[in-house]
Amino acid sequence: MTTISDEIIKNCRECFFQQGYGVKLIDQKGNILVCPLDSSHRYAIDGGLLKRA
């Protein structure tokens, strides 16, 4: 069984799809992760998966 690290999970998917590169989600407000390039890109980790918040 493979363990998925935070390096893979905590990347802004919207930036990746729009611009072709991932941005590390380092800003955290409670359990919400916020993209440092665009604060409208918000995610939460639910059951080990990154979901739009």
# chains A, B, ... in the order shown; residues from 1 in each chain; ligands from 1
>>> select_by_dssp(residues="chain A", states="strand (DSSP E or B)", output="ChimeraX atom specification")
/A:11,24,27-29,32-34,42-46,49-52
>>> write_last_selection(atoms="C-alpha atoms", output="short mmCIF file (atom, residue, chain, number, x, y, z; two decimals), in the first residue's frame")
data_model
loop_
_atom_site.label_atom_id
_atom_site.label_comp_id
_atom_site.auth_asym_id
_atom_site.auth_seq_id
_atom_site.Cartn_x
_atom_site.Cartn_y
_atom_site.Cartn_z
CA ASN A 11 -1.20 21.62 -4.20
CA LYS A 24 1.81 24.72 -2.62
CA ASP A 27 -1.85 29.30 4.00
CA GLN A 28 -4.29 27.66 6.38
CA LYS A 29 -7.33 29.20 8.05
CA ILE A 32 -9.34 25.45 5.04
CA LEU A 33 -6.24 25.63 2.82
CA VAL A 34 -5.95 28.83 0.76
CA ARG A 42 -9.91 27.21 -1.17
CA TYR A 43 -9.69 23.54 -0.26
CA ALA A 44 -10.26 21.22 2.68
CA ILE A 45 -8.86 17.75 3.27
CA ASP A 46 -11.69 15.29 3.74
CA LEU A 49 -8.69 13.79 -0.34
CA LEU A 50 -8.45 17.44 -1.27
CA LYS A 51 -11.91 18.89 -1.89
CA ARG A 52 -13.05 22.37 -2.91
#
>>> select_by_dssp(residues="chain A", states="alpha helix (DSSP H)", output="list in words")
Asp6, Glu7, Ile8, Ile9, Arg13, Glu14, Cys15, Phe16, Phe17, Gln18 and Gln19 of chain A
>>> write_last_selection(atoms="all heavy atoms", output="mmCIF file, in the first residue's frame")
data_model
loop_
_atom_site.group_PDB
_atom_site.id
_atom_site.type_symbol
_atom_site.label_atom_id
_atom_site.label_comp_id
_atom_site.auth_asym_id
_atom_site.auth_seq_id
_atom_site.Cartn_x
_atom_site.Cartn_y
_atom_site.Cartn_z
ATOM 1 N N ASP A 6 1.843 14.860 1.930
ATOM 2 C CA ASP A 6 1.287 16.211 1.812
ATOM 3 C C ASP A 6 1.817 16.931 0.584
ATOM 4 O O ASP A 6 1.164 17.825 0.069
ATOM 5 C CB ASP A 6 1.614 17.036 3.051
ATOM 6 C CG ASP A 6 0.762 16.640 4.239
ATOM 7 O OD1 ASP A 6 -0.183 15.849 4.050
ATOM 8 O OD2 ASP A 6 1.033 17.121 5.341
ATOM 9 N N GLU A 7 2.999 16.552 0.103
ATOM 10 C CA GLU A 7 3.575 17.202 -1.073
ATOM 11 C C GLU A 7 2.673 17.059 -2.286
ATOM 12 O O GLU A 7 2.578 17.950 -3.110
ATOM 13 C CB GLU A 7 4.958 16.605 -1.386
ATOM 14 C CG GLU A 7 5.997 16.856 -0.326
ATOM 15 C CD GLU A 7 6.307 18.333 -0.144
ATOM 16 O OE1 GLU A 7 6.413 19.057 -1.148
ATOM 17 O OE2 GLU A 7 6.448 18.755 1.006
ATOM 18 N N ILE A 8 2.009 15.938 -2.401
ATOM 19 C CA ILE A 8 1.119 15.704 -3.532
ATOM 20 C C ILE A 8 -0.262 16.282 -3.259
ATOM 21 O O ILE A 8 -0.848 16.935 -4.112
ATOM 22 C CB ILE A 8 1.004 14.188 -3.826
ATOM 23 C CG1 ILE A 8 2.357 13.652 -4.274
ATOM 24 C CG2 ILE A 8 -0.056 13.919 -4.878
ATOM 25 C CD1 ILE A 8 2.433 12.157 -4.365
ATOM 26 N N ILE A 9 -0.783 16.058 -2.074
ATOM 27 C CA ILE A 9 -2.157 16.459 -1.753
ATOM 28 C C ILE A 9 -2.307 17.975 -1.666
ATOM 29 O O ILE A 9 -3.249 18.536 -2.203
ATOM 30 C CB ILE A 9 -2.615 15.814 -0.430
ATOM 31 C CG1 ILE A 9 -2.706 14.304 -0.605
ATOM 32 C CG2 ILE A 9 -3.959 16.370 -0.002
ATOM 33 C CD1 ILE A 9 -3.018 13.560 0.664
ATOM 34 N N ARG A 13 -5.055 22.689 -7.213
ATOM 35 C CA ARG A 13 -5.425 22.041 -8.468
ATOM 36 C C ARG A 13 -5.924 23.031 -9.495
ATOM 37 O O ARG A 13 -5.700 22.867 -10.683
ATOM 38 C CB ARG A 13 -6.484 20.984 -8.192
ATOM 39 C CG ARG A 13 -5.931 19.855 -7.377
ATOM 40 C CD ARG A 13 -6.946 18.808 -7.117
ATOM 41 N NE ARG A 13 -6.350 17.762 -6.299
ATOM 42 C CZ ARG A 13 -7.033 16.819 -5.732
ATOM 43 N NH1 ARG A 13 -8.325 16.764 -5.878
ATOM 44 N NH2 ARG A 13 -6.427 15.916 -5.001
ATOM 45 N N GLU A 14 -6.608 24.061 -9.049
ATOM 46 C CA GLU A 14 -7.143 25.043 -9.990
ATOM 47 C C GLU A 14 -6.013 25.778 -10.712
ATOM 48 O O GLU A 14 -6.072 25.981 -11.917
ATOM 49 C CB GLU A 14 -8.058 26.028 -9.269
ATOM 50 C CG GLU A 14 -8.979 26.736 -10.201
ATOM 51 C CD GLU A 14 -10.214 27.286 -9.528
ATOM 52 O OE1 GLU A 14 -10.552 26.846 -8.425
ATOM 53 O OE2 GLU A 14 -10.824 28.172 -10.125
ATOM 54 N N CYS A 15 -4.961 26.174 -9.986
ATOM 55 C CA CYS A 15 -3.798 26.809 -10.621
ATOM 56 C C CYS A 15 -3.136 25.847 -11.609
ATOM 57 O O CYS A 15 -2.711 26.238 -12.681
ATOM 58 C CB CYS A 15 -2.786 27.260 -9.573
ATOM 59 S SG CYS A 15 -3.233 28.785 -8.724
ATOM 60 N N PHE A 16 -3.079 24.562 -11.229
ATOM 61 C CA PHE A 16 -2.468 23.574 -12.113
ATOM 62 C C PHE A 16 -3.239 23.465 -13.425
ATOM 63 O O PHE A 16 -2.652 23.461 -14.498
ATOM 64 C CB PHE A 16 -2.403 22.211 -11.427
ATOM 65 C CG PHE A 16 -1.802 21.147 -12.291
ATOM 66 C CD1 PHE A 16 -0.435 21.094 -12.496
ATOM 67 C CD2 PHE A 16 -2.599 20.211 -12.917
ATOM 68 C CE1 PHE A 16 0.125 20.124 -13.311
ATOM 69 C CE2 PHE A 16 -2.058 19.237 -13.734
ATOM 70 C CZ PHE A 16 -0.690 19.194 -13.928
ATOM 71 N N PHE A 17 -4.560 23.404 -13.346
ATOM 72 C CA PHE A 17 -5.363 23.264 -14.562
ATOM 73 C C PHE A 17 -5.397 24.547 -15.377
ATOM 74 O O PHE A 17 -5.425 24.513 -16.596
ATOM 75 C CB PHE A 17 -6.779 22.802 -14.232
ATOM 76 C CG PHE A 17 -6.840 21.368 -13.785
ATOM 77 C CD1 PHE A 17 -7.314 21.035 -12.537
ATOM 78 C CD2 PHE A 17 -6.405 20.356 -14.613
ATOM 79 C CE1 PHE A 17 -7.360 19.719 -12.117
ATOM 80 C CE2 PHE A 17 -6.443 19.025 -14.206
ATOM 81 C CZ PHE A 17 -6.927 18.714 -12.948
ATOM 82 N N GLN A 18 -5.381 25.698 -14.723
ATOM 83 C CA GLN A 18 -5.446 26.972 -15.437
ATOM 84 C C GLN A 18 -4.104 27.384 -16.015
ATOM 85 O O GLN A 18 -4.039 27.921 -17.115
ATOM 86 C CB GLN A 18 -5.937 28.084 -14.501
ATOM 87 C CG GLN A 18 -7.388 27.974 -14.120
ATOM 88 C CD GLN A 18 -7.797 29.030 -13.102
ATOM 89 O OE1 GLN A 18 -6.976 29.791 -12.594
ATOM 90 N NE2 GLN A 18 -9.071 29.074 -12.799
ATOM 91 N N GLN A 19 -3.021 27.183 -15.251
ATOM 92 C CA GLN A 19 -1.730 27.741 -15.635
ATOM 93 C C GLN A 19 -0.656 26.694 -15.923
ATOM 94 O O GLN A 19 0.421 27.040 -16.377
ATOM 95 C CB GLN A 19 -1.245 28.678 -14.515
ATOM 96 C CG GLN A 19 -2.243 29.786 -14.272
ATOM 97 C CD GLN A 19 -2.006 30.510 -12.963
ATOM 98 O OE1 GLN A 19 -1.013 30.287 -12.282
ATOM 99 N NE2 GLN A 19 -2.909 31.381 -12.603
#
>>> residues_around(residues="Pro36 (chain A)", least_positions_apart="3", cutoff="9 Å", atoms="only C-alpha atoms", output="list in words")
Val23, Lys24, Leu25, Ile26, Asp27, Ser39 and His41 of chain A
